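S.K.: File name work.cif; file contents mmCIF, C-alpha atoms; full text below.
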data_target
loop_
_atom_site.group_PDB
_atom_site.id
_atom_site.type_symbol
_atom_site.label_atom_id
_atom_site.label_comp_id
_atom_site.auth_asym_id
_atom_site.auth_seq_id
_atom_site.Cartn_x
_atom_site.Cartn_y
_atom_site.Cartn_z
ATOM 1 C CA MET A 1 -1.260 -56.736 6.066
ATOM 2 C CA GLY A 2 -4.518 -55.565 4.449
ATOM 3 C CA LYS A 3 -4.826 -55.200 0.711
ATOM 4 C CA LEU A 4 -4.637 -51.626 -0.527
ATOM 5 C CA THR A 5 -7.784 -50.112 -2.018
ATOM 6 C CA PRO A 6 -7.559 -47.960 -5.187
ATOM 7 C CA PHE A 7 -7.644 -44.965 -2.855
ATOM 8 C CA GLY A 8 -4.966 -46.531 -0.661
ATOM 9 C CA VAL A 9 -2.720 -47.096 -3.677
ATOM 10 C CA GLU A 10 -3.074 -43.463 -4.758
ATOM 11 C CA LEU A 11 -2.611 -42.104 -1.250
ATOM 12 C CA ARG A 12 0.468 -44.246 -0.654
ATOM 13 C CA LYS A 13 1.864 -43.139 -4.013
ATOM 14 C CA LEU A 14 1.464 -39.507 -2.948
ATOM 15 C CA ARG A 15 3.143 -40.225 0.383
ATOM 16 C CA VAL A 16 6.115 -41.862 -1.315
ATOM 17 C CA GLU A 17 6.480 -39.042 -3.840
ATOM 18 C CA LYS A 18 6.452 -36.467 -1.051
ATOM 19 C CA ASP A 19 8.676 -38.596 1.219
ATOM 20 C CA LEU A 20 6.011 -38.815 3.922
ATOM 21 C CA ARG A 21 5.586 -41.647 6.383
ATOM 22 C CA LEU A 22 2.171 -42.708 7.702
ATOM 23 C CA PHE A 23 3.200 -40.863 10.853
ATOM 24 C CA ASP A 24 3.939 -37.669 8.914
ATOM 25 C CA LEU A 25 0.641 -37.686 7.000
ATOM 26 C CA ALA A 26 -1.308 -38.424 10.173
ATOM 27 C CA ASN A 27 0.315 -35.425 11.855
ATOM 28 C CA HIS A 28 -0.545 -33.235 8.863
ATOM 29 C CA LEU A 29 -4.196 -34.284 9.133
ATOM 30 C CA GLY A 30 -4.425 -34.337 12.899
ATOM 31 C CA VAL A 31 -5.517 -37.990 13.037
ATOM 32 C CA SER A 32 -3.924 -41.208 14.274
ATOM 33 C CA THR A 33 -1.433 -43.242 12.254
ATOM 34 C CA ALA A 34 -3.695 -46.268 12.705
ATOM 35 C CA MET A 35 -6.581 -44.391 11.107
ATOM 36 C CA VAL A 36 -4.583 -43.459 7.997
ATOM 37 C CA SER A 37 -3.375 -47.043 7.684
ATOM 38 C CA ALA A 38 -6.914 -48.385 8.047
ATOM 39 C CA ILE A 39 -8.173 -46.031 5.335
ATOM 40 C CA GLU A 40 -5.385 -47.042 2.956
ATOM 41 C CA THR A 41 -6.155 -50.739 3.384
ATOM 42 C CA GLY A 42 -9.927 -50.355 3.333
ATOM 43 C CA ARG A 43 -10.452 -51.443 6.932
ATOM 44 C CA LYS A 44 -12.102 -48.078 7.528
ATOM 45 C CA PRO A 45 -14.239 -46.169 4.998
ATOM 46 C CA ILE A 46 -12.953 -42.895 3.590
ATOM 47 C CA PRO A 47 -14.366 -40.216 5.941
ATOM 48 C CA ASP A 48 -16.407 -37.360 4.523
ATOM 49 C CA GLY A 49 -14.085 -34.511 3.597
ATOM 50 C CA PHE A 50 -10.935 -36.634 3.870
ATOM 51 C CA VAL A 51 -9.871 -36.038 0.266
ATOM 52 C CA THR A 52 -10.246 -32.284 0.699
ATOM 53 C CA ARG A 53 -8.249 -32.356 3.931
ATOM 54 C CA VAL A 54 -5.436 -34.297 2.263
ATOM 55 C CA ALA A 55 -5.461 -31.954 -0.736
ATOM 56 C CA GLN A 56 -5.287 -28.847 1.436
ATOM 57 C CA SER A 57 -2.799 -30.224 3.972
ATOM 58 C CA LEU A 58 -0.364 -31.414 1.301
ATOM 59 C CA GLN A 59 -1.064 -28.480 -1.047
ATOM 60 C CA LEU A 60 -1.756 -30.856 -3.930
ATOM 61 C CA GLU A 61 -1.815 -29.730 -7.534
ATOM 62 C CA ILE A 62 -4.956 -30.098 -9.685
ATOM 63 C CA PRO A 63 -3.837 -33.367 -11.392
ATOM 64 C CA GLU A 64 -3.026 -34.898 -7.999
ATOM 65 C CA ILE A 65 -6.400 -33.882 -6.599
ATOM 66 C CA ARG A 66 -8.187 -35.380 -9.583
ATOM 67 C CA SER A 67 -6.321 -38.669 -9.281
ATOM 68 C CA LEU A 68 -7.030 -38.874 -5.560
ATOM 69 C CA ARG A 69 -10.724 -38.087 -6.023
ATOM 70 C CA SER A 70 -11.033 -40.617 -8.827
ATOM 71 C CA ALA A 71 -9.442 -43.303 -6.655
ATOM 72 C CA ALA A 72 -11.781 -42.382 -3.785
ATOM 73 C CA GLU A 73 -14.833 -42.797 -6.025
ATOM 74 C CA GLN A 74 -13.564 -46.205 -7.160
ATOM 75 C CA THR A 75 -13.139 -47.248 -3.542
ATOM 76 C CA ARG A 76 -16.371 -45.952 -2.042
ATOM 77 C CA LYS A 77 -19.240 -48.410 -2.056
ATOM 78 C CA GLU A 78 -21.927 -45.927 -1.131
ATOM 79 C CA VAL A 79 -22.673 -42.209 -1.339
ATOM 80 C CA ARG A 80 -24.417 -40.384 1.507
ATOM 81 C CA VAL A 81 -27.497 -38.453 0.436
ATOM 82 C CA GLU A 82 -29.355 -37.826 3.692
ATOM 83 C CA HIS A 83 -28.007 -34.267 3.955
ATOM 84 C CA LEU A 84 -29.352 -33.351 0.501
ATOM 85 C CA ARG A 85 -32.639 -31.601 -0.145
ATOM 86 C CA PRO A 86 -35.524 -33.914 -1.164
ATOM 87 C CA GLN A 87 -35.377 -32.707 -4.784
ATOM 88 C CA GLU A 88 -31.621 -33.357 -4.873
ATOM 89 C CA ARG A 89 -32.013 -36.878 -3.473
ATOM 90 C CA GLU A 90 -34.666 -37.577 -6.096
ATOM 91 C CA MET A 91 -32.313 -36.324 -8.804
ATOM 92 C CA VAL A 92 -29.473 -38.555 -7.569
ATOM 93 C CA ALA A 93 -31.752 -41.591 -7.568
ATOM 94 C CA ALA A 94 -33.095 -40.837 -11.052
ATOM 95 C CA PHE A 95 -29.581 -40.330 -12.389
ATOM 96 C CA ALA A 96 -28.423 -43.659 -10.931
ATOM 97 C CA ARG A 97 -31.410 -45.517 -12.392
ATOM 98 C CA ASN A 98 -30.891 -44.142 -15.872
ATOM 99 C CA LEU A 99 -27.106 -43.905 -15.981
ATOM 100 C CA SER A 100 -26.673 -46.769 -18.465
ATOM 101 C CA ASP A 101 -29.124 -45.124 -20.893
ATOM 102 C CA LEU A 102 -27.302 -41.798 -21.110
ATOM 103 C CA PRO A 103 -25.285 -41.202 -24.309
ATOM 104 C CA PRO A 104 -21.477 -41.177 -23.918
ATOM 105 C CA ASP A 105 -21.128 -37.546 -25.000
ATOM 106 C CA MET A 106 -23.582 -36.425 -22.292
ATOM 107 C CA LEU A 107 -21.749 -38.456 -19.660
ATOM 108 C CA ALA A 108 -18.470 -36.877 -20.764
ATOM 109 C CA LYS A 109 -19.943 -33.388 -20.376
ATOM 110 C CA ILE A 110 -21.359 -34.214 -16.934
ATOM 111 C CA ARG A 111 -18.043 -35.666 -15.809
ATOM 112 C CA LYS A 112 -16.195 -32.583 -17.046
ATOM 113 C CA ALA A 113 -18.592 -30.252 -15.213
ATOM 114 C CA LEU A 114 -18.323 -32.265 -11.983
ATOM 115 C CA GLN A 115 -14.547 -32.331 -12.245
ATOM 116 C CA LYS A 116 -14.399 -28.573 -12.680
ATOM 117 C CA ALA A 117 -16.697 -28.049 -9.696
ATOM 118 C CA SER A 118 -14.570 -30.417 -7.622
ATOM 119 C CA ASP A 119 -11.370 -28.545 -8.466
ATOM 120 C CA GLU A 120 -12.899 -25.193 -7.606
ATOM 121 C CA GLU A 121 -14.309 -26.577 -4.386
ATOM 122 C CA VAL A 122 -10.856 -27.402 -3.063
ATOM 123 C CA LEU A 123 -8.904 -24.445 -4.367
ATOM 124 C CA LYS A 124 -11.368 -21.581 -4.108
ATOM 125 C CA SER A 125 -13.828 -20.150 -1.653
ATOM 126 C CA SER A 126 -17.351 -19.535 -2.810
ATOM 127 C CA GLU A 127 -18.187 -16.043 -4.032
ATOM 128 C CA GLU A 128 -19.070 -13.988 -1.030
ATOM 129 C CA GLU A 129 -22.650 -12.788 -1.035
ATOM 130 C CA ILE A 130 -23.045 -9.560 0.935
ATOM 131 C CA PRO A 131 -25.927 -9.520 3.416
ATOM 132 C CA PHE A 132 -28.795 -7.252 2.286
ATOM 133 C CA ARG A 133 -26.982 -6.803 -1.057
ATOM 134 C CA ARG A 134 -27.155 -10.317 -2.492
ATOM 135 C CA LYS A 135 -26.624 -10.778 -6.217
ATOM 136 C CA ARG A 136 -28.789 -13.871 -6.558
ATOM 137 C CA LEU A 137 -32.526 -13.897 -6.037
ATOM 138 C CA GLY A 138 -33.852 -16.259 -3.392
ATOM 139 C CA MET A 139 -36.829 -18.574 -3.416
ATOM 140 C CA MET A 140 -40.363 -17.156 -3.466
ATOM 141 C CA VAL A 141 -41.992 -17.721 -0.058
ATOM 142 C CA PRO A 142 -45.125 -16.362 1.670
ATOM 143 C CA PRO A 143 -44.875 -12.585 2.212
ATOM 144 C CA THR A 144 -43.676 -11.487 5.650
ATOM 145 C CA SER A 145 -43.069 -7.949 6.833
ATOM 146 C CA ALA A 146 -39.851 -6.824 8.467
ATOM 147 C CA ALA A 147 -41.812 -6.076 11.654
ATOM 148 C CA LYS A 148 -43.098 -9.649 11.915
ATOM 149 C CA ILE A 149 -39.631 -11.039 11.227
ATOM 150 C CA GLU A 150 -38.207 -8.854 14.007
ATOM 151 C CA GLN A 151 -40.859 -10.231 16.362
ATOM 152 C CA ALA A 152 -39.848 -13.771 15.417
ATOM 153 C CA SER A 153 -36.162 -13.074 16.032
ATOM 154 C CA ALA A 154 -37.017 -11.462 19.371
ATOM 155 C CA LEU A 155 -38.845 -14.621 20.451
ATOM 156 C CA VAL A 156 -35.839 -16.821 19.702
ATOM 157 C CA ARG A 157 -33.482 -14.291 21.280
ATOM 158 C CA GLN A 158 -35.615 -14.152 24.416
ATOM 159 C CA PHE A 159 -35.281 -17.918 24.828
ATOM 160 C CA PHE A 160 -31.497 -18.068 24.434
ATOM 161 C CA CYS A 161 -30.209 -14.668 25.579
ATOM 162 C CA PRO A 162 -30.505 -12.801 28.880
ATOM 163 C CA ASP A 163 -32.209 -9.402 28.694
ATOM 164 C CA GLY A 164 -29.899 -6.696 27.424
ATOM 165 C CA MET A 165 -27.285 -9.097 26.015
ATOM 166 C CA GLU A 166 -25.603 -7.507 23.028
ATOM 167 C CA TYR A 167 -23.158 -10.073 21.616
ATOM 168 C CA VAL A 168 -24.980 -13.347 20.909
ATOM 169 C CA ASP A 169 -22.989 -16.580 20.818
ATOM 170 C CA ILE A 170 -24.739 -17.984 17.754
ATOM 171 C CA ILE A 171 -22.739 -21.222 17.714
ATOM 172 C CA ARG A 172 -23.743 -22.101 21.266
ATOM 173 C CA ILE A 173 -27.322 -21.302 20.301
ATOM 174 C CA LEU A 174 -27.223 -23.597 17.272
ATOM 175 C CA GLU A 175 -25.732 -26.385 19.345
ATOM 176 C CA ARG A 176 -28.615 -25.991 21.789
ATOM 177 C CA LEU A 177 -31.426 -25.776 19.246
ATOM 178 C CA HIS A 178 -32.860 -29.044 20.543
ATOM 179 C CA LEU A 179 -33.615 -27.268 23.833
ATOM 180 C CA PHE A 180 -35.853 -24.837 21.967
ATOM 181 C CA ASN A 181 -37.519 -27.544 19.886
ATOM 182 C CA ASP A 182 -36.494 -31.189 20.186
ATOM 183 C CA ARG A 183 -37.287 -31.698 16.502
ATOM 184 C CA TYR A 184 -34.541 -29.278 15.453
ATOM 185 C CA SER A 185 -31.001 -30.479 14.830
ATOM 186 C CA PHE A 186 -27.683 -28.906 13.838
ATOM 187 C CA GLU A 187 -24.738 -30.450 11.978
ATOM 188 C CA VAL A 188 -21.398 -29.335 10.545
ATOM 189 C CA LEU A 189 -20.475 -30.735 7.127
ATOM 190 C CA ASP A 190 -17.292 -30.623 5.097
ATOM 191 C CA ARG A 191 -16.906 -28.870 1.732
ATOM 192 C CA THR A 192 -17.216 -32.221 -0.016
ATOM 193 C CA GLU A 193 -20.825 -32.328 1.148
ATOM 194 C CA MET A 194 -21.688 -28.617 1.099
ATOM 195 C CA PHE A 195 -19.748 -27.569 -2.020
ATOM 196 C CA THR A 196 -20.361 -23.808 -2.438
ATOM 197 C CA ASP A 197 -23.189 -23.656 0.145
ATOM 198 C CA GLU A 198 -21.989 -21.982 3.326
ATOM 199 C CA GLY A 199 -25.131 -23.021 5.144
ATOM 200 C CA ARG A 200 -28.238 -25.031 4.396
ATOM 201 C CA VAL A 201 -31.575 -25.863 5.984
ATOM 202 C CA VAL A 202 -33.453 -29.055 5.097
ATOM 203 C CA PRO A 203 -37.113 -28.550 6.087
ATOM 204 C CA SER A 204 -38.016 -32.250 5.853
ATOM 205 C CA SER A 205 -35.599 -33.110 8.674
ATOM 206 C CA LEU A 206 -35.664 -29.698 10.417
ATOM 207 C CA THR A 207 -31.879 -29.728 10.230
ATOM 208 C CA LEU A 208 -29.550 -26.745 9.916
ATOM 209 C CA TYR A 209 -26.149 -27.418 8.351
ATOM 210 C CA LEU A 210 -23.072 -25.184 8.356
ATOM 211 C CA ARG A 211 -19.982 -25.746 6.253
ATOM 212 C CA ALA A 212 -17.030 -26.590 8.495
ATOM 213 C CA ASP A 213 -14.938 -23.541 7.606
ATOM 214 C CA VAL A 214 -17.881 -21.201 8.244
ATOM 215 C CA TYR A 215 -18.573 -22.908 11.577
ATOM 216 C CA GLU A 216 -14.946 -22.569 12.661
ATOM 217 C CA LYS A 217 -14.715 -18.908 11.654
ATOM 218 C CA ALA A 218 -17.954 -18.156 13.491
ATOM 219 C CA CYS A 219 -16.480 -19.818 16.590
ATOM 220 C CA GLN A 220 -13.537 -17.430 16.268
ATOM 221 C CA GLY A 221 -15.805 -14.382 16.041
ATOM 222 C CA ASP A 222 -15.668 -13.698 12.281
ATOM 223 C CA ALA A 223 -18.505 -11.246 11.640
ATOM 224 C CA ARG A 224 -19.557 -12.527 8.239
ATOM 225 C CA SER A 225 -19.596 -16.166 9.350
ATOM 226 C CA ARG A 226 -21.633 -15.233 12.427
ATOM 227 C CA PHE A 227 -24.136 -13.485 10.178
ATOM 228 C CA THR A 228 -24.289 -16.552 7.918
ATOM 229 C CA ALA A 229 -25.089 -18.760 10.922
ATOM 230 C CA CYS A 230 -27.849 -16.371 12.051
ATOM 231 C CA HIS A 231 -29.133 -16.188 8.459
ATOM 232 C CA GLU A 232 -29.542 -19.988 8.377
ATOM 233 C CA LEU A 233 -31.276 -19.874 11.753
ATOM 234 C CA GLY A 234 -33.680 -17.442 10.111
ATOM 235 C CA HIS A 235 -34.373 -19.936 7.337
ATOM 236 C CA LEU A 236 -35.004 -22.692 9.878
ATOM 237 C CA TRP A 237 -37.418 -20.576 11.890
ATOM 238 C CA LEU A 238 -39.216 -18.801 9.038
ATOM 239 C CA HIS A 239 -39.222 -21.386 6.260
ATOM 240 C CA HIS A 240 -39.278 -24.839 7.851
ATOM 241 C CA GLU A 241 -42.863 -25.355 6.703
ATOM 242 C CA VAL A 242 -42.259 -24.240 3.108
ATOM 243 C CA THR A 243 -42.539 -27.455 1.087
ATOM 244 C CA PHE A 244 -42.432 -25.941 -2.398
ATOM 245 C CA ALA A 245 -41.148 -22.609 -3.604
ATOM 246 C CA ARG A 246 -40.210 -21.141 -6.957
ATOM 247 C CA ALA A 247 -37.341 -18.800 -7.672
ATOM 248 C CA ARG A 248 -38.250 -15.152 -7.166
ATOM 249 C CA LEU A 249 -38.360 -12.945 -10.247
ATOM 250 C CA ASP A 250 -37.134 -9.350 -10.410
ATOM 251 C CA SER A 251 -40.762 -8.241 -10.600
ATOM 252 C CA ASP A 252 -41.734 -10.028 -7.375
ATOM 253 C CA PRO A 253 -41.777 -8.059 -4.101
ATOM 254 C CA ILE A 254 -38.618 -8.262 -2.013
ATOM 255 C CA TYR A 255 -40.587 -9.259 1.095
ATOM 256 C CA CYS A 256 -41.433 -12.566 -0.627
ATOM 257 C CA ASP A 257 -37.735 -13.419 -1.062
ATOM 258 C CA ALA A 258 -36.488 -16.123 1.330
ATOM 259 C CA GLU A 259 -32.948 -14.672 1.351
ATOM 260 C CA TRP A 260 -34.190 -11.169 2.194
ATOM 261 C CA GLN A 261 -36.336 -12.550 5.006
ATOM 262 C CA ALA A 262 -33.411 -14.547 6.434
ATOM 263 C CA ASP A 263 -31.161 -11.459 6.253
ATOM 264 C CA VAL A 264 -33.736 -9.369 8.134
ATOM 265 C CA PHE A 265 -34.004 -12.095 10.771
ATOM 266 C CA ALA A 266 -30.219 -12.335 11.123
ATOM 267 C CA GLY A 267 -29.788 -8.571 11.386
ATOM 268 C CA SER A 268 -32.482 -8.044 14.014
ATOM 269 C CA PHE A 269 -31.385 -11.164 15.889
ATOM 270 C CA MET A 270 -27.789 -9.960 16.119
ATOM 271 C CA MET A 271 -28.552 -6.277 16.704
ATOM 272 C CA PRO A 272 -32.155 -5.639 17.855
ATOM 273 C CA ARG A 273 -33.335 -2.088 17.366
ATOM 274 C CA GLU A 274 -34.209 -1.678 21.066
ATOM 275 C CA LEU A 275 -30.562 -2.321 22.013
ATOM 276 C CA VAL A 276 -29.212 0.293 19.611
ATOM 277 C CA ALA A 277 -30.744 3.022 21.802
ATOM 278 C CA GLY A 278 -29.950 5.913 19.474
ATOM 279 C CA ARG A 279 -26.260 5.048 19.092
ATOM 280 C CA THR A 280 -24.815 5.821 15.677
ATOM 281 C CA ASP A 281 -21.102 4.933 15.885
ATOM 282 C CA VAL A 282 -20.885 2.121 13.311
ATOM 283 C CA ALA A 283 -17.500 0.807 14.423
ATOM 284 C CA GLU A 284 -18.552 0.706 18.071
ATOM 285 C CA LEU A 285 -21.808 -1.093 17.284
ATOM 286 C CA ALA A 286 -20.034 -3.558 15.002
ATOM 287 C CA LYS A 287 -17.669 -4.468 17.835
ATOM 288 C CA ARG A 288 -20.396 -4.695 20.466
ATOM 289 C CA PHE A 289 -22.693 -6.906 18.408
ATOM 290 C CA GLY A 290 -20.067 -8.872 16.467
ATOM 291 C CA MET A 291 -21.180 -7.677 13.049
ATOM 292 C CA SER A 292 -19.539 -6.176 9.986
ATOM 293 C CA ASN A 293 -19.548 -2.409 9.497
ATOM 294 C CA GLN A 294 -21.541 -2.920 6.299
ATOM 295 C CA ALA A 295 -24.325 -4.888 8.019
ATOM 296 C CA VAL A 296 -24.524 -2.375 10.885
ATOM 297 C CA THR A 297 -24.769 0.532 8.433
ATOM 298 C CA VAL A 298 -27.641 -1.108 6.579
ATOM 299 C CA LEU A 299 -29.474 -1.945 9.801
ATOM 300 C CA LEU A 300 -29.118 1.572 11.197
ATOM 301 C CA SER A 301 -30.598 2.924 7.979
ATOM 302 C CA LYS A 302 -33.529 0.488 8.237
ATOM 303 C CA TYR A 303 -34.148 1.322 11.869
ATOM 304 C CA ARG A 304 -34.183 5.065 11.167
ATOM 305 C CA LYS A 305 -36.858 4.535 8.537
ATOM 306 C CA GLY A 306 -39.001 2.732 11.106
#
Turn this file's structure into structure tokens for me.

M.R.:
Amino acid sequence: MGKLTPFGVELRKLRVEKDLRLFDLANHLGVSTAMVSAIETGRKPIPDGFVTRVAQSLQLEIPEIRSLRSAAEQTRKEVRVEHLRPQEREMVAAFARNLSDLPPDMLAKIRKALQKASDEEVLKSSEEEIPFRRKRLGMMVPPTSAAKIEQASALVRQFFCPDGMEYVDIIRILERLHLFNDRYSFEVLDRTEMFTDEGRVVPSSLTLYLRADVYEKACQGDARSRFTACHELGHLWLHHEVTFARARLDSDPIYCDAEWQADVFAGSFMMPRELVAGRTDVAELAKRFGMSNQAVTVLLSKYRKG
């Protein structure tokens, strides 16, 4: 019998308290009994997102989640950073190099902030940003007109969609990005890796990431999640060559905002103006194109203005 890791001890303690066998926990998580056993004894590493899955499946309380996460950190021998942006990887490396030099009070504050973020990550969804009505300003990127963005979305649409197709299967498109450009790649990451980001594009690796829950909802036809996926495709297509960008200020033009540009791409990609053909019934268009009523209303207004 393998020796239990700190994570294994904590996980087994939870199982005993909740009167769960290995078999029961495995069924909750949708994995094999052998896998759970191997994780407890350290024969297999803790998979990405495993702590979150356990916390959600067993409906753990905050103290239980904290104990389980702490045990996981004690057990893990490495932290994956390849999915992070270059600046974030640099920050992680700098933090690790200088950790022993940081004063105890600063470390305590950092730990408290990380713990709070971790709790919120499991128990709450991120604040929903509304397409075309986003509260936060995006990054400042080279100016691009709506007309040019529509042309770009039409090019991608032409490659993946037959002429006249209304409802685009964005997930199938993302999973076939390599057919459009073999340098592009697409991955689905858990909340433990994405935190509050619903989607992310890393220009250095030409990789588009979606958070698992967003990916699954998009597969099921959820309008907002579909828009998010198209929005990230817009970032990949429009901004993959942007190596440095500053945050946009209120005084900067909207057409230099990366988020605005990605929204315009997503909107025209999902519902091109030439396929609207003078129709004005918002509910009908939303159903046909798989969009929210709000996004359709905004797009119709934009199309009327030319």

S.K.: Using only C-alpha atoms, which residue out of A:Pro86, A:Pro103, A:Gly267, A:Gly42 lies closest to Gln74 (chain A)?

M.R.: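 For Gln74 (chain A), the nearest of the given residues is A:Gly42.
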
S.K.: Got a sec to resolve the PyMOL selection byres ((chain A and resi 265) around 7) on this structure and send the residues as a PyMOL selection string?

M.R.: chain A and resi 149-150+153+231+234+261-264+266-269

S.K.: List as a list of chain:residue names the protein and nucleic acid residues near region 222-230 of chain A, meaning an atom at most 9 Å away when only C-alpha atoms are counted, but skip any in the same chain fewer than 6 places from it.

M.R.: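 Returned residues: A:Ile130, A:Pro131, A:Asp169, A:Ile170, A:Ile171, A:Leu174, A:Glu198, A:Gly199, A:Leu210, A:Asp213, A:Val214, A:Tyr215, A:Glu216, A:Ala262, A:Asp263, A:Phe265, A:Ala266, A:Gly267, A:Phe269, A:Met270, A:Ala286, A:Gly290, A:Met291, A:Ser292, A:Ala295.
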
S.K.: If we count only C-alpha atoms, what is near Gln59 (chain A) at a cut-off of 12 Å, once residues fewer than 3 positions away on the same chain are taken out, given as a PyMOL selection string?

M.R.: chain A and resi 14+18+28+51-56+62-65+122-123

S.K.: Restricting the calculation to only C-alpha atoms: of A:Met106, A:Leu60, A:Val16, A:Val9, which residue gets closest to Glu40 (chain A)?

M.R.: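 Residue with the minimum atom-to-atom distance to Glu40 (chain A): A:Val9.
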
S.K.: Give as a PyMOL selection string the residues that the PyMOL selection byres ((chain A and resi 46) around 10) matches when applied to the coordinates above.

M.R.: chain A and resi 7-8+35-36+38-40+42-45+47-51+72-73+75-76

S.K.: Can you spit out the residues from that selection as a short mmCIF file (atom, residue, chain, number, x, y, z; two decimals), in the coordinates of the input, using C-alpha atoms?

M.R.:
data_model
loop_
_atom_site.label_atom_id
_atom_site.label_comp_id
_atom_site.auth_asym_id
_atom_site.auth_seq_id
_atom_site.Cartn_x
_atom_site.Cartn_y
_atom_site.Cartn_z
CA PHE A 7 -7.64 -44.96 -2.86
CA GLY A 8 -4.97 -46.53 -0.66
CA MET A 35 -6.58 -44.39 11.11
CA VAL A 36 -4.58 -43.46 8.00
CA ALA A 38 -6.91 -48.38 8.05
CA ILE A 39 -8.17 -46.03 5.34
CA GLU A 40 -5.38 -47.04 2.96
CA GLY A 42 -9.93 -50.36 3.33
CA ARG A 43 -10.45 -51.44 6.93
CA LYS A 44 -12.10 -48.08 7.53
CA PRO A 45 -14.24 -46.17 5.00
CA PRO A 47 -14.37 -40.22 5.94
CA ASP A 48 -16.41 -37.36 4.52
CA GLY A 49 -14.08 -34.51 3.60
CA PHE A 50 -10.94 -36.63 3.87
CA VAL A 51 -9.87 -36.04 0.27
CA ALA A 72 -11.78 -42.38 -3.78
CA GLU A 73 -14.83 -42.80 -6.02
CA THR A 75 -13.14 -47.25 -3.54
CA ARG A 76 -16.37 -45.95 -2.04
#

S.K.: What is the distance between CA of Ala152 (chain A) and CA of Val242 (chain A), in Å to one decimal?

M.R.: 16.3 Å

S.K.: Between CA of Glu166 (chain A) and CA of Thr207 (chain A), measure the distance and give it in Å to one decimal.

M.R.: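 According to the coordinates, CA of Glu166 (chain A) and CA of Thr207 (chain A) are separated by 26.4 Å.
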
S.K.: Find, counting all atoms listed in the file, the residue in A:Ala277, A:Ile254, A:Leu102, A:Ile173 that gets nearest to Gly138 (chain A).

M.R.: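 The answer is A:Ile254, which sits nearest to Gly138 (chain A).
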
S.K.: Which residues fall under the PyMOL selection byres ((chain A and resi 240) around 9) in this file, as a JSON list (two decimals) with C-alpha atoms, keeping the file's coordinate frame?

M.R.:
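Saved file result.json follows:
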[["chain", "number", "residue", "atom", "x", "y", "z"],
["A", 201, "VAL", "CA", -31.58, -25.86, 5.98],
["A", 202, "VAL", "CA", -33.45, -29.06, 5.10],
["A", 203, "PRO", "CA", -37.11, -28.55, 6.09],
["A", 204, "SER", "CA", -38.02, -32.25, 5.85],
["A", 206, "LEU", "CA", -35.66, -29.70, 10.42],
["A", 235, "HIS", "CA", -34.37, -19.94, 7.34],
["A", 236, "LEU", "CA", -35.00, -22.69, 9.88],
["A", 237, "TRP", "CA", -37.42, -20.58, 11.89],
["A", 238, "LEU", "CA", -39.22, -18.80, 9.04],
["A", 239, "HIS", "CA", -39.22, -21.39, 6.26],
["A", 241, "GLU", "CA", -42.86, -25.36, 6.70],
["A", 242, "VAL", "CA", -42.26, -24.24, 3.11],
["A", 243, "THR", "CA", -42.54, -27.46, 1.09]]

S.K.: Starting from the point (-35.3, -25.2, 18.0), work out which residues of protein, DNA or RNA have an atom no more than 9 Å away when counting all atoms listed in the file; state them as a ChimeraX atom specification.

M.R.: /A:156,174,176-185,206,236-237

S.K.: Keeping only C-alpha atoms, write the selected residues to a file as a compact mmCIF listing (two decimals), in the frame of the given file.

M.R.:
# COMPACT_ATOMS: atom_id res chain seq x y z
CA VAL A 156 -35.84 -16.82 19.70
CA LEU A 174 -27.22 -23.60 17.27
CA ARG A 176 -28.62 -25.99 21.79
CA LEU A 177 -31.43 -25.78 19.25
CA HIS A 178 -32.86 -29.04 20.54
CA LEU A 179 -33.62 -27.27 23.83
CA PHE A 180 -35.85 -24.84 21.97
CA ASN A 181 -37.52 -27.54 19.89
CA ASP A 182 -36.49 -31.19 20.19
CA ARG A 183 -37.29 -31.70 16.50
CA TYR A 184 -34.54 -29.28 15.45
CA SER A 185 -31.00 -30.48 14.83
CA LEU A 206 -35.66 -29.70 10.42
CA LEU A 236 -35.00 -22.69 9.88
CA TRP A 237 -37.42 -20.58 11.89

S.K.: Mind giving me the straight-line distance from CA of Glu61 (chain A) to CA of Asp19 (chain A) in Å, one decimal?

M.R.: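 Value for the CA of Glu61 (chain A)-CA of Asp19 (chain A) distance: 16.3 Å.
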
S.K.: Go ahead and fit an axis-aligned box to every listed atom of region 168-179 of chain A plus 3 Å each side, and pass me the centre and edge lengths in Å, one decimal, as AutoDock Vina command-line options.

M.R.:
--center_x -28.2 --center_y -21.2 --center_z 20.6 --size_x 16.9 --size_y 21.7 --size_z 12.6

S.K.: Rank A:Ala258, A:Arg172, A:Arg304, A:Leu233 by their smallest atom-to-atom distance to Thr280 (chain A), using all atoms listed in the file, and report the top residue only.

M.R.: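 Nearest candidate to Thr280 (chain A) out of A:Ala258, A:Arg172, A:Arg304, A:Leu233: A:Arg304.
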
S.K.: Closest to Asp163 (chain A) among A:Asp24, A:Glu274, A:Asp281, A:Asp257, using only C-alpha atoms?

M.R.: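 When distances to Asp163 (chain A) are compared using only C-alpha atoms, the smallest one comes from A:Glu274.
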
S.K.: For a quick check of understanding, using only C-alpha atoms, which of A:Arg97, A:Leu58, A:Asp252, A:Val298 has the smallest distance to Arg15 (chain A)?

M.R.: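 Closest candidate: A:Leu58.
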
S.K.: I'd like the contact shell of region 187-189 of chain A - 7 Å cut-off, only C-alpha atoms, skipping same-chain residues fewer than 2 positions apart - returned as a ChimeraX atom specification.

M.R.: /A:185,191,193-194,208-212
